[in-house]
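Just protein11.cif here, mmCIF, C-alpha atoms and all ligand atoms:
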```cif
data_query
#
loop_
_atom_site.label_atom_id
_atom_site.label_comp_id
_atom_site.auth_asym_id
_atom_site.auth_seq_id
_atom_site.Cartn_x
_atom_site.Cartn_y
_atom_site.Cartn_z
CA MET A 4 -15.66 -2.69 15.19
CA LYS A 5 -16.64 -5.06 12.36
CA VAL A 6 -14.52 -4.00 9.39
CA LEU A 7 -14.53 -5.16 5.77
CA VAL A 8 -10.99 -5.05 4.35
CA THR A 9 -10.90 -5.14 0.55
CA GLY A 10 -7.54 -6.28 -0.82
CA GLY A 11 -6.78 -7.68 2.62
CA ALA A 12 -4.70 -10.59 1.30
CA GLY A 13 -2.26 -8.17 -0.34
CA TYR A 14 0.88 -6.56 1.02
CA ILE A 15 -0.45 -3.58 3.01
CA GLY A 16 -3.86 -5.19 3.53
CA SER A 17 -2.47 -8.29 5.26
CA HIS A 18 -0.38 -6.20 7.65
CA THR A 19 -3.34 -3.95 8.43
CA THR A 20 -5.60 -6.98 8.94
CA LEU A 21 -3.07 -8.24 11.49
CA SER A 22 -3.09 -4.89 13.31
CA LEU A 23 -6.90 -4.73 13.25
CA LEU A 24 -7.18 -8.21 14.77
CA GLU A 25 -4.57 -7.35 17.38
CA GLY A 26 -6.57 -4.19 18.10
CA GLY A 27 -9.62 -6.31 18.88
CA HIS A 28 -11.56 -5.59 15.69
CA GLU A 29 -13.59 -8.15 13.80
CA VAL A 30 -12.33 -8.45 10.21
CA VAL A 31 -13.78 -9.83 7.00
CA VAL A 32 -11.36 -9.83 4.06
CA LEU A 33 -12.63 -9.47 0.51
CA ASP A 34 -10.04 -10.21 -2.19
CA ASN A 35 -10.03 -11.88 -5.61
CA LEU A 36 -6.38 -12.95 -5.09
CA MET A 37 -5.38 -11.52 -8.48
CA ASN A 38 -2.15 -10.21 -6.97
CA SER A 39 -1.88 -12.13 -3.71
CA SER A 40 -2.12 -15.47 -1.98
CA ALA A 41 -4.48 -16.66 0.74
CA GLU A 42 -1.34 -17.95 2.47
CA SER A 43 -0.80 -14.39 3.78
CA LEU A 44 -4.07 -14.69 5.69
CA ARG A 45 -3.20 -18.12 7.06
CA ARG A 46 -0.05 -16.56 8.46
CA VAL A 47 -2.02 -13.67 9.94
CA GLU A 48 -4.13 -16.33 11.67
CA GLN A 49 -0.96 -18.02 12.92
CA LEU A 50 0.37 -14.71 14.28
CA THR A 51 -2.83 -13.58 15.95
CA GLY A 52 -4.35 -16.88 17.01
CA ARG A 53 -7.60 -15.61 15.49
CA SER A 54 -9.36 -16.79 12.38
CA VAL A 55 -9.69 -14.52 9.38
CA ASP A 56 -13.01 -14.50 7.64
CA PHE A 57 -12.17 -14.55 3.94
CA ARG A 58 -14.44 -13.99 0.92
CA LYS A 59 -12.93 -14.63 -2.49
CA VAL A 60 -14.83 -11.94 -4.37
CA ASP A 61 -13.99 -9.64 -7.27
CA LEU A 62 -15.09 -6.03 -6.77
CA LEU A 63 -16.18 -6.03 -10.41
CA ASP A 64 -18.84 -8.62 -9.52
CA ALA A 65 -21.44 -6.23 -8.10
CA SER A 66 -23.89 -8.88 -6.92
CA ALA A 67 -21.14 -10.80 -5.11
CA VAL A 68 -20.10 -7.58 -3.35
CA ASP A 69 -23.74 -6.93 -2.40
CA ALA A 70 -23.93 -10.47 -1.03
CA VAL A 71 -20.99 -9.79 1.30
CA PHE A 72 -22.73 -6.71 2.70
CA ALA A 73 -25.96 -8.69 3.03
CA GLU A 74 -24.21 -10.61 5.83
CA GLY A 75 -24.74 -7.41 7.81
CA GLY A 76 -23.05 -5.73 10.71
CA PHE A 77 -20.23 -3.92 8.96
CA GLU A 78 -19.33 -0.64 10.61
CA ALA A 79 -16.55 0.45 8.26
CA VAL A 80 -14.58 -0.50 5.15
CA ILE A 81 -10.85 -0.20 4.55
CA HIS A 82 -10.39 -0.27 0.79
CA PHE A 83 -7.01 -1.53 -0.44
CA ALA A 84 -8.15 -3.55 -3.46
CA GLY A 85 -6.71 -2.25 -6.68
CA LEU A 86 -4.00 -2.64 -9.25
CA LYS A 87 -0.86 -0.64 -8.57
CA ALA A 88 1.85 -1.06 -11.23
CA VAL A 89 2.56 2.25 -12.95
CA GLY A 90 4.14 0.76 -16.12
CA GLU A 91 1.35 -1.79 -16.55
CA SER A 92 -1.22 0.99 -16.19
CA VAL A 93 0.36 2.85 -19.11
CA ALA A 94 0.16 -0.30 -21.24
CA LYS A 95 -3.33 -1.34 -20.07
CA PRO A 96 -5.22 1.80 -19.06
CA LEU A 97 -8.69 0.30 -19.52
CA MET A 98 -7.84 -2.54 -17.19
CA TYR A 99 -6.71 -0.03 -14.55
CA TYR A 100 -9.67 2.34 -14.88
CA THR A 101 -12.09 -0.58 -14.85
CA ASN A 102 -10.57 -2.46 -11.96
CA ASN A 103 -9.76 0.51 -9.74
CA VAL A 104 -12.47 3.05 -10.55
CA ALA A 105 -15.38 0.76 -11.52
CA GLY A 106 -14.44 -1.64 -8.72
CA THR A 107 -14.60 1.22 -6.23
CA LEU A 108 -17.95 2.38 -7.62
CA ASN A 109 -19.38 -1.10 -7.09
CA LEU A 110 -18.08 -1.06 -3.54
CA LEU A 111 -19.61 2.36 -2.87
CA HIS A 112 -23.00 1.33 -4.28
CA SER A 113 -23.03 -1.75 -2.04
CA MET A 114 -21.99 0.32 0.98
CA GLU A 115 -24.70 2.88 0.27
CA ALA A 116 -27.34 0.16 -0.09
CA ALA A 117 -26.22 -1.44 3.18
CA GLY A 118 -26.02 1.89 5.00
CA VAL A 119 -22.28 1.52 5.69
CA ARG A 120 -20.80 5.00 5.30
CA ARG A 121 -17.34 4.89 6.83
CA LEU A 122 -14.45 4.37 4.44
CA VAL A 123 -10.67 4.46 4.67
CA PHE A 124 -9.21 4.58 1.17
CA SER A 125 -5.69 3.72 -0.06
CA SER A 126 -4.66 6.73 -2.03
CA SER A 127 -1.06 7.45 -2.90
CA ALA A 128 1.54 10.20 -2.98
CA THR A 129 1.48 9.55 -6.70
CA VAL A 130 -1.55 11.91 -6.88
CA TYR A 131 0.88 14.81 -6.38
CA GLY A 132 2.53 14.00 -9.70
CA ALA A 133 6.06 15.21 -10.32
CA SER A 134 5.77 18.16 -7.93
CA GLU A 135 9.22 19.15 -6.72
CA GLU A 136 7.85 21.28 -3.88
CA VAL A 137 8.88 19.25 -0.88
CA PRO A 138 7.82 18.41 1.70
CA LEU A 139 4.47 17.61 0.13
CA VAL A 140 1.47 18.97 1.99
CA GLU A 141 -2.10 17.71 1.57
CA LYS A 142 -3.26 20.93 -0.09
CA ALA A 143 -0.60 20.68 -2.83
CA PRO A 144 -2.19 20.55 -6.30
CA LEU A 145 -2.94 17.08 -7.63
CA ASP A 146 -1.42 16.18 -10.97
CA ALA A 147 -1.05 12.44 -11.43
CA THR A 148 1.15 11.64 -14.41
CA ASN A 149 0.08 8.10 -15.35
CA PRO A 150 -3.16 6.08 -15.58
CA TYR A 151 -2.57 4.35 -12.22
CA GLY A 152 -2.13 7.69 -10.48
CA ARG A 153 -5.16 9.08 -12.27
CA THR A 154 -7.31 6.21 -10.97
CA LYS A 155 -6.33 7.33 -7.45
CA GLU A 156 -7.05 10.97 -8.25
CA GLN A 157 -10.41 10.09 -9.82
CA ILE A 158 -11.42 7.95 -6.86
CA GLU A 159 -10.45 10.80 -4.51
CA ASP A 160 -12.72 13.10 -6.59
CA ILE A 161 -15.59 10.62 -6.48
CA LEU A 162 -15.26 10.29 -2.71
CA ALA A 163 -15.07 14.05 -2.25
CA ASP A 164 -18.27 14.46 -4.29
CA LEU A 165 -19.96 11.73 -2.27
CA GLY A 166 -19.01 13.36 1.02
CA GLU A 167 -20.23 16.70 -0.31
CA ALA A 168 -23.57 15.25 -1.44
CA ASP A 169 -24.31 13.25 1.69
CA SER A 170 -23.01 14.47 5.02
CA ARG A 171 -23.48 11.06 6.62
CA TRP A 172 -20.29 9.73 4.99
CA SER A 173 -16.98 9.64 6.90
CA ILE A 174 -14.09 9.19 4.47
CA ALA A 175 -10.34 9.12 5.00
CA LEU A 176 -8.09 9.47 1.96
CA LEU A 177 -4.68 8.17 3.01
CA ARG A 178 -1.84 9.19 0.73
CA TYR A 179 0.92 6.68 1.31
CA PHE A 180 4.48 7.51 0.38
CA ASN A 181 6.74 4.48 -0.25
CA PRO A 182 5.63 1.46 1.83
CA VAL A 183 8.39 -1.05 2.58
CA GLY A 184 9.40 -3.56 5.24
CA ALA A 185 7.47 -6.43 6.73
CA HIS A 186 6.03 -7.62 10.02
CA GLU A 187 8.89 -8.22 12.43
CA SER A 188 8.08 -11.94 12.62
CA GLY A 189 9.25 -12.39 9.01
CA LEU A 190 6.09 -14.44 8.37
CA ILE A 191 4.27 -11.93 6.18
CA GLY A 192 5.68 -9.43 3.71
CA GLU A 193 5.59 -8.13 0.17
CA ASP A 194 5.45 -10.83 -2.49
CA PRO A 195 5.44 -9.18 -5.91
CA SER A 196 4.62 -11.34 -8.90
CA GLY A 197 7.12 -11.12 -11.77
CA THR A 198 9.86 -8.52 -11.81
CA PRO A 199 9.38 -6.05 -8.96
CA ASN A 200 8.70 -2.48 -10.06
CA ASN A 201 9.64 -0.92 -6.75
CA LEU A 202 13.08 -0.43 -5.33
CA LEU A 203 12.94 -2.33 -2.04
CA PRO A 204 11.55 -5.63 -3.33
CA PHE A 205 14.07 -5.50 -6.16
CA VAL A 206 16.97 -4.86 -3.79
CA ALA A 207 15.71 -7.67 -1.54
CA GLN A 208 15.60 -10.14 -4.44
CA VAL A 209 19.17 -9.20 -5.41
CA ALA A 210 20.29 -9.62 -1.80
CA VAL A 211 18.73 -13.09 -1.61
CA GLY A 212 20.32 -14.15 -4.90
CA ARG A 213 17.24 -14.22 -7.12
CA ARG A 214 18.62 -11.39 -9.31
CA ASP A 215 22.14 -10.25 -10.25
CA MET A 216 22.18 -6.58 -9.46
CA VAL A 217 20.14 -3.47 -8.83
CA ARG A 218 19.94 -0.93 -11.60
CA VAL A 219 20.00 2.54 -10.08
CA PHE A 220 17.82 4.72 -12.28
CA GLY A 221 19.81 7.95 -12.62
CA ASN A 222 22.77 9.32 -10.70
CA ASP A 223 22.59 12.87 -12.02
CA TYR A 224 19.60 14.16 -10.05
CA PRO A 225 20.02 17.39 -8.06
CA THR A 226 20.25 15.41 -4.79
CA PRO A 227 23.20 14.96 -2.40
CA ASP A 228 24.44 11.74 -4.08
CA GLY A 229 22.70 12.21 -7.45
CA THR A 230 20.15 9.41 -6.93
CA GLY A 231 16.40 9.76 -6.35
CA VAL A 232 15.13 10.56 -2.87
CA ARG A 233 11.92 9.03 -1.46
CA ASP A 234 10.04 8.83 1.82
CA TYR A 235 10.12 5.12 2.70
CA ILE A 236 7.66 4.12 5.40
CA HIS A 237 7.50 0.85 7.34
CA VAL A 238 4.36 -1.12 6.50
CA MET A 239 3.59 -1.64 10.21
CA ASP A 240 3.67 2.13 10.78
CA LEU A 241 1.35 2.42 7.79
CA ALA A 242 -0.98 -0.21 9.27
CA ALA A 243 -1.09 1.79 12.51
CA GLY A 244 -2.03 4.86 10.46
CA HIS A 245 -5.11 3.03 9.17
CA LEU A 246 -6.27 2.17 12.68
CA ALA A 247 -5.75 5.78 13.74
CA ALA A 248 -7.69 7.09 10.73
CA LEU A 249 -10.51 4.62 11.36
CA GLY A 250 -10.74 5.70 14.98
CA TYR A 251 -10.82 9.35 13.94
CA ILE A 252 -13.59 9.16 11.34
CA VAL A 253 -16.04 7.37 13.63
CA GLY A 254 -18.45 10.07 14.72
CA ARG A 255 -16.78 12.68 12.50
CA PRO A 256 -18.54 12.76 9.12
CA GLY A 257 -16.57 14.49 6.38
CA VAL A 258 -13.80 13.83 3.88
CA TYR A 259 -10.26 13.92 5.29
CA ARG A 260 -6.89 13.73 3.55
CA TRP A 261 -3.72 12.66 5.30
CA ASN A 262 -0.19 12.01 4.10
CA LEU A 263 1.27 8.88 5.63
CA GLY A 264 5.03 9.20 5.42
CA THR A 265 7.97 9.70 7.75
CA GLY A 266 8.83 13.19 6.55
CA ARG A 267 12.37 12.00 5.88
CA GLY A 268 13.87 11.28 2.46
CA SER A 269 16.43 8.56 1.65
CA SER A 270 18.36 8.20 -1.59
CA VAL A 271 18.55 5.03 -3.67
CA LEU A 272 22.17 4.58 -2.64
CA GLU A 273 21.31 5.03 1.05
CA VAL A 274 18.67 2.32 0.71
CA ILE A 275 21.05 -0.08 -1.03
CA GLU A 276 23.66 0.50 1.65
CA ALA A 277 21.20 0.08 4.53
CA PHE A 278 19.86 -3.11 2.99
CA GLY A 279 23.39 -4.48 2.59
CA LYS A 280 23.99 -3.88 6.29
CA ALA A 281 20.76 -5.67 7.21
CA ALA A 282 21.58 -8.62 4.93
CA GLY A 283 25.17 -8.86 6.15
CA HIS A 284 26.65 -8.48 2.68
CA PRO A 285 26.76 -5.63 0.16
CA VAL A 286 24.08 -5.50 -2.53
CA PRO A 287 25.62 -5.15 -6.02
CA TYR A 288 24.36 -2.30 -8.19
CA GLU A 289 25.10 -0.42 -11.40
CA PHE A 290 24.05 2.98 -12.62
CA ALA A 291 21.47 3.09 -15.40
CA PRO A 292 19.60 5.90 -17.19
CA ARG A 293 16.83 7.76 -15.39
CA ARG A 294 13.41 6.07 -15.41
CA PRO A 295 10.96 8.27 -17.35
CA GLY A 296 8.45 10.07 -15.13
CA ASP A 297 10.49 9.82 -11.92
CA ALA A 298 10.74 12.89 -9.67
CA ALA A 299 14.11 13.70 -8.15
CA VAL A 300 12.79 14.11 -4.62
CA SER A 301 9.54 13.21 -2.88
CA TYR A 302 8.81 13.22 0.82
CA ALA A 303 5.85 13.98 3.00
CA ASP A 304 4.93 16.66 5.42
CA PRO A 305 3.21 14.24 7.84
CA SER A 306 2.29 16.90 10.40
CA ALA A 307 -1.46 16.83 9.67
CA ALA A 308 -1.65 13.13 10.56
CA LEU A 309 0.25 13.84 13.78
CA ALA A 310 -1.99 16.77 14.71
CA ASP A 311 -5.30 15.09 13.86
CA LEU A 312 -4.63 11.42 14.49
CA GLY A 313 -1.77 11.52 16.96
CA TRP A 314 -0.02 9.23 14.48
CA SER A 315 3.57 9.30 13.31
CA ALA A 316 5.96 6.75 11.87
CA HIS A 317 8.44 5.34 14.39
CA ARG A 318 10.60 2.89 12.46
CA ASN A 319 13.74 4.10 10.67
CA LEU A 320 15.34 2.94 7.43
CA ALA A 321 17.57 0.39 9.21
CA GLN A 322 14.50 -1.28 10.78
CA MET A 323 12.65 -1.22 7.46
CA CYS A 324 15.56 -3.05 5.80
CA GLU A 325 16.06 -5.50 8.69
CA ASP A 326 12.39 -6.50 8.69
CA HIS A 327 12.19 -6.65 4.90
CA TRP A 328 15.31 -8.85 4.88
CA ARG A 329 13.94 -11.18 7.59
CA TRP A 330 10.86 -11.77 5.45
CA GLN A 331 12.82 -12.14 2.19
CA SER A 332 15.55 -14.39 3.58
CA ARG A 333 13.06 -16.71 5.29
CA ASN A 334 10.75 -16.75 2.26
CA PRO A 335 13.09 -16.43 -0.74
CA GLN A 336 10.27 -17.34 -3.15
CA GLY A 337 7.62 -15.42 -1.20
CA TYR A 338 4.44 -17.36 -0.51
CA ALA A 339 4.80 -19.40 -3.71
CA ALA A 340 6.80 -22.29 -2.27
CA VAL A 341 4.24 -22.87 0.46
CA THR A 342 1.15 -22.55 -1.69
CA GLU A 343 2.61 -24.89 -4.32
CA ALA A 344 3.56 -27.42 -1.67
CA ALA A 345 0.15 -27.18 -0.03
CA GLY A 346 -1.70 -27.68 -3.31
CA ALA A 347 -5.05 -25.98 -3.67
CA VAL A 348 -5.47 -22.80 -1.67
CA ALA A 349 -8.36 -22.84 0.77
CA GLU A 350 -10.80 -20.15 -0.27
P1 LIG B 401 -1.29 -5.55 -3.39
O1 LIG B 401 -1.38 -5.82 -4.85
O2 LIG B 401 -0.37 -6.39 -2.58
O3 LIG B 401 -2.75 -5.62 -2.73
C1 LIG B 401 -3.90 -5.30 -3.45
C2 LIG B 401 -4.90 -6.43 -3.27
O4 LIG B 401 -6.11 -6.10 -3.95
C3 LIG B 401 -4.40 -7.76 -3.83
O5 LIG B 401 -4.52 -8.75 -2.84
C4 LIG B 401 -5.33 -8.02 -5.01
O6 LIG B 401 -5.53 -9.40 -5.23
C5 LIG B 401 -6.59 -7.28 -4.59
N1 LIG B 401 -7.44 -6.84 -5.70
C6 LIG B 401 -7.08 -6.11 -6.79
N2 LIG B 401 -8.15 -5.89 -7.58
C7 LIG B 401 -9.22 -6.50 -6.97
C8 LIG B 401 -10.59 -6.64 -7.31
N3 LIG B 401 -11.09 -6.14 -8.44
N4 LIG B 401 -11.37 -7.32 -6.46
C9 LIG B 401 -10.88 -7.86 -5.32
N5 LIG B 401 -9.59 -7.77 -4.96
C10 LIG B 401 -8.77 -7.10 -5.78
O7 LIG B 401 -0.93 -4.00 -3.21
P2 LIG B 401 -0.53 -3.18 -1.91
O8 LIG B 401 0.87 -2.72 -2.08
O9 LIG B 401 -0.92 -3.90 -0.70
O10 LIG B 401 -1.45 -1.90 -2.12
C11 LIG B 401 -2.71 -1.78 -1.49
C12 LIG B 401 -3.34 -0.47 -1.94
O11 LIG B 401 -2.48 0.60 -1.59
C13 LIG B 401 -3.57 -0.37 -3.44
O12 LIG B 401 -4.79 0.29 -3.67
C14 LIG B 401 -2.41 0.48 -3.91
O13 LIG B 401 -2.73 1.19 -5.08
C15 LIG B 401 -2.22 1.41 -2.73
N6 LIG B 401 -0.86 1.95 -2.63
C16 LIG B 401 0.21 1.08 -2.64
C17 LIG B 401 1.49 1.59 -2.57
C18 LIG B 401 2.70 0.68 -2.65
O14 LIG B 401 3.77 1.16 -3.04
N7 LIG B 401 2.58 -0.59 -2.28
C19 LIG B 401 1.68 2.99 -2.45
C20 LIG B 401 0.57 3.82 -2.42
C21 LIG B 401 -0.70 3.28 -2.50
C1 LIG B 402 11.93 4.56 -5.71
C2 LIG B 402 13.26 5.12 -6.19
C3 LIG B 402 13.51 5.04 -8.58
C4 LIG B 402 13.60 0.66 -8.88
C5 LIG B 402 6.09 4.10 -6.94
C6 LIG B 402 4.81 4.52 -7.58
C7 LIG B 402 3.94 5.19 -6.59
C8 LIG B 402 3.76 4.35 -5.32
C9 LIG B 402 5.04 3.85 -4.78
C10 LIG B 402 1.71 3.15 -5.45
C11 LIG B 402 13.13 6.00 -7.44
C12 LIG B 402 14.53 4.16 -7.91
C13 LIG B 402 13.52 1.97 -8.43
C14 LIG B 402 14.84 0.17 -9.39
C15 LIG B 402 15.83 2.33 -8.95
N1 LIG B 402 2.97 3.18 -5.56
N2 LIG B 402 14.62 2.78 -8.46
N3 LIG B 402 15.92 1.03 -9.40
O1 LIG B 402 8.66 5.53 -8.11
O2 LIG B 402 8.75 6.55 -5.78
O3 LIG B 402 6.79 5.25 -6.46
O4 LIG B 402 5.79 3.24 -5.83
O5 LIG B 402 0.95 4.06 -5.24
O6 LIG B 402 2.75 5.39 -7.25
O7 LIG B 402 5.11 5.40 -8.65
O8 LIG B 402 8.89 4.06 -6.04
O9 LIG B 402 10.17 2.05 -5.47
O10 LIG B 402 9.56 2.46 -7.90
O11 LIG B 402 11.27 3.91 -6.80
O12 LIG B 402 16.83 3.06 -8.98
O13 LIG B 402 14.97 -0.98 -9.84
O14 LIG B 402 14.10 4.02 -6.58
O15 LIG B 402 14.07 5.71 -9.69
O16 LIG B 402 14.07 7.02 -7.31
P1 LIG B 402 8.33 5.44 -6.68
P2 LIG B 402 9.94 3.01 -6.58
#
```

Since I need it in another form, could you write the structure as structure tokens?
Ligand code: NAD
Ligand code: WQD
Amino acid sequence: MKVLVTGGAGYIGSHTTLSLLEGGHEVVVLDNLMNSSAESLRRVEQLTGRSVDFRKVDLLDASAVDAVFAEGGFEAVIHFAGLKAVGESVAKPLMYYTNNVAGTLNLLHSMEAAGVRRLVFSSSATVYGASEEVPLVEKAPLDATNPYGRTKEQIEDILADLGEADSRWSIALLRYFNPVGAHESGLIGEDPSGTPNNLLPFVAQVAVGRRDMVRVFGNDYPTPDGTGVRDYIHVMDLAAGHLAALGYIVGRPGVYRWNLGTGRGSSVLEVIEAFGKAAGHPVPYEFAPRRPGDAAVSYADPSAALADLGWSAHRNLAQMCEDHWRWQSRNPQGYAAVTEAAGAVAE
């Protein structure tokens, strides 16, 4: 299938692009590189031995998006492009609503005009809000608690309305839990700019010596060890979920919602310990106050994805940490060192 991958230079997008190419699909990546580096795609090329067709385009530039579709032949779109930092979304809500919601609207208009009506969308478990009813099932009420989460909820609503209005659309809303890890080669991985917001990249940067210690946000939650529990999922399992969803929606118009998680929760302390084992040395941490807005426990009921897609996550926490560490230890500064050394990025 010829697939357009928006946000394909980013963390989850680059791993999914790799899996698509390995699965024999033809891929065009659209990304404005606002939170990524084209080096990720060069490494995908290295790993697959195939070239990645890249268009440096901003989804907010409607005519540039139209021009990509004018190339013709696209059979589906996997839409990762968006901003994703919760704290930044609270500080800059207009930037988030514009980039994520307006960007998606531009994409949908271009798809409509080109007659491309298959879409796999990166939603998030964040749409469930602070619901403490675990495991989370797809029919749980949505109640995002911050502007970032609300962009995901709003886009889900837009896509549901679109599917309702025009039965030719096939749309998969994939609600990811906590993506972590890296491709087992250690060549591609997560490369956050600035201070990481998420636990795993922070722990990894402490383990590699870029930061002093992890601050554990709260040790008085009603959980076995008092720290927050999340459903961490290996990014390669997540990538496989996208291929499964894509395969499913072909020939099945409608709007589908699937949780992509393992169904298993791990505490912050379990993660820090597992990462220390993978790195071969303990990761220093200290307890700090709770982070506002955090739920005590969140994990998926992934049974719908298993029943419908035949998909489930296979990699455990130890593998997630080992692969994340391989990437981090071989690329302590992420892609930056390479792109600086190489000078201008080919675009
Ligand atoms: P990422 O930042 O690594 O990737 C997003 C990519 O989109 C980046 O390469 C960025 O440059 C690009 N982009 C952003 N705005 C764009 C625009 N206007 N035009 C073109 N390109 C644009 O993030 P990720 O972790 O790979 O996340 C991918 C998607 O999955 C996002 O939509 C995110 O909200 C969603 N998601 C991520 C997580 C997570 O924890 N990583 C969890 C749930 C959902
Ligand atoms: C995990 C656990 C923290 C950092 C976020 C977004 C969500 C989704 C995934 C995109 C929690 C604790 C964290 C640290 C810590 N992203 N923690 N010290 O909050 O479950 O979800 O990322 O859609 O929308 O909200 O993930 O990795 O930030 O936190 O103790 O330095 O680690 O309190 O219990 P979260 P996270």

Counting all atoms listed in the file, select every polymer residue within 9 Å of (2.7, 19.6, -12.4) as defined in the file's coordinates, and provide the selection as a PyMOL selection string. chain A and resi 131-135+144-148

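Straight-line separation from atom O15 of ligand LIG 402 (chain B) to CA of Thr154 (chain A): 21.4 Å.
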
If the limit is 7 Å from any atom of ligand LIG 401 (chain B), counting all atoms listed in the file, which residues qualify? Return them as a VMD selection string. chain A and resid 9 to 16 33 to 39 60 to 63 83 to 87 102 to 103 106 125 to 128 178 to 182 193

Expected file: the selected residues, C-alpha atoms, as a short mmCIF file (atom, residue, chain, number, x, y, z; two decimals), in the frame of the given file:
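After the write, part.cif holds the following:
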```
data_model
loop_
_atom_site.label_atom_id
_atom_site.label_comp_id
_atom_site.auth_asym_id
_atom_site.auth_seq_id
_atom_site.Cartn_x
_atom_site.Cartn_y
_atom_site.Cartn_z
CA THR A 9 -10.90 -5.14 0.55
CA GLY A 10 -7.54 -6.28 -0.82
CA GLY A 11 -6.78 -7.68 2.62
CA ALA A 12 -4.70 -10.59 1.30
CA GLY A 13 -2.26 -8.17 -0.34
CA TYR A 14 0.88 -6.56 1.02
CA ILE A 15 -0.45 -3.58 3.01
CA GLY A 16 -3.86 -5.19 3.53
CA LEU A 33 -12.63 -9.47 0.51
CA ASP A 34 -10.04 -10.21 -2.19
CA ASN A 35 -10.03 -11.88 -5.61
CA LEU A 36 -6.38 -12.95 -5.09
CA MET A 37 -5.38 -11.52 -8.48
CA ASN A 38 -2.15 -10.21 -6.97
CA SER A 39 -1.88 -12.13 -3.71
CA VAL A 60 -14.83 -11.94 -4.37
CA ASP A 61 -13.99 -9.64 -7.27
CA LEU A 62 -15.09 -6.03 -6.77
CA LEU A 63 -16.18 -6.03 -10.41
CA PHE A 83 -7.01 -1.53 -0.44
CA ALA A 84 -8.15 -3.55 -3.46
CA GLY A 85 -6.71 -2.25 -6.68
CA LEU A 86 -4.00 -2.64 -9.25
CA LYS A 87 -0.86 -0.64 -8.57
CA ASN A 102 -10.57 -2.46 -11.96
CA ASN A 103 -9.76 0.51 -9.74
CA GLY A 106 -14.44 -1.64 -8.72
CA SER A 125 -5.69 3.72 -0.06
CA SER A 126 -4.66 6.73 -2.03
CA SER A 127 -1.06 7.45 -2.90
CA ALA A 128 1.54 10.20 -2.98
CA ARG A 178 -1.84 9.19 0.73
CA TYR A 179 0.92 6.68 1.31
CA PHE A 180 4.48 7.51 0.38
CA ASN A 181 6.74 4.48 -0.25
CA PRO A 182 5.63 1.46 1.83
CA GLU A 193 5.59 -8.13 0.17
#
```

So, with only C-alpha atoms as the atoms that count, which of A:Ala207, A:Leu263, A:Ala73, A:Leu122 lies closest to Asp194 (chain A)?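 Result for the nearest residue to Asp194 (chain A): A:Ala207.
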
Just to confirm, what's the straight-line distance from CA of His327 (chain A) to CA of Gly27 (chain A) in Å (one decimal)? 25.9 Å

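For the atom pair formed by CA of Gln49 (chain A) and CA of Leu190 (chain A), the distance is 9.1 Å, given to one decimal.
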
Would you please work out which residue, of A:Ala299, A:Ala70, A:Leu246, A:Val211, is nearest to His28 (chain A) when using all atoms listed in the file?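 Using all atoms listed in the file, His28 (chain A) sits closest to A:Leu246.
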
With only C-alpha atoms and all ligand atoms counted, collect every polymer residue having an atom within 9 Å of ligand LIG 402 (chain B); state the result as an MDAnalysis selection string. chainID A and resid 86:90 125:130 132 149 151:152 155 178:183 199:206 217:222 230:235 270:272 274 290:291 293:301

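Each of A:Tyr259, A:Tyr338, A:Phe72, A:Trp330 was checked against His112 (chain A) using all atoms listed in the file; the smallest atom-to-atom distance is that of A:Phe72.
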
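Nearest-residue note for Glu78 (chain A): choosing from A:Gln157, A:Gly189, A:Leu249, A:Leu110, the minimum distance belongs to A:Leu249, counting all atoms listed in the file.
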
Near-Leu162 (chain A) list (12 Å; only C-alpha atoms; drop same-chain fewer than 5 positions) as a list in words: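 Here the answer would be Val104, Thr107, Leu108, Leu110, Leu111, His112, Arg120, Arg121, Leu122, Val123, Phe124, Ser125, Ser126, Lys155, Glu156, Gln157, Glu167, Ala168, Asp169, Ser170, Trp172, Ser173, Ile174, Ala175, Leu176, Gly257, Val258, Tyr259 and Arg260 of chain A.
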
Point out the residue among A:Val68, A:Thr51, A:Pro150, A:Lys5 with the least atom-to-atom distance to Met98 (chain A), counting all atoms listed in the file. A:Pro150

Residue contacts of Ala242 (chain A) (10 Å, all atoms listed in the file) excluding same-chain residues fewer than 4 positions away, as a ChimeraX atom specification: /A:15-23,237-238,246-247

Counting all atoms listed in the file, the option among A:Pro335, A:Gly244, A:Pro285, A:Pro195 closest to Trp314 (chain A):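 Of the candidates, the smallest distance to Trp314 (chain A) is held by A:Gly244.
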
Can you pull out every residue within 7 Å of Val32 (chain A), counting all atoms listed in the file, but drop anything in the same chain fewer than 4 positions away, and send it as a JSON list (two decimals) with C-alpha atoms, in the coordinates of the input?
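As a result, part-v8.json now contains:
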```json
[["chain", "number", "residue", "atom", "x", "y", "z"],
["A", 7, "LEU", "CA", -14.53, -5.16, 5.77],
["A", 8, "VAL", "CA", -10.99, -5.05, 4.35],
["A", 9, "THR", "CA", -10.90, -5.14, 0.55],
["A", 11, "GLY", "CA", -6.78, -7.68, 2.62],
["A", 56, "ASP", "CA", -13.01, -14.50, 7.64],
["A", 57, "PHE", "CA", -12.17, -14.55, 3.94],
["A", 58, "ARG", "CA", -14.44, -13.99, 0.92]]
```
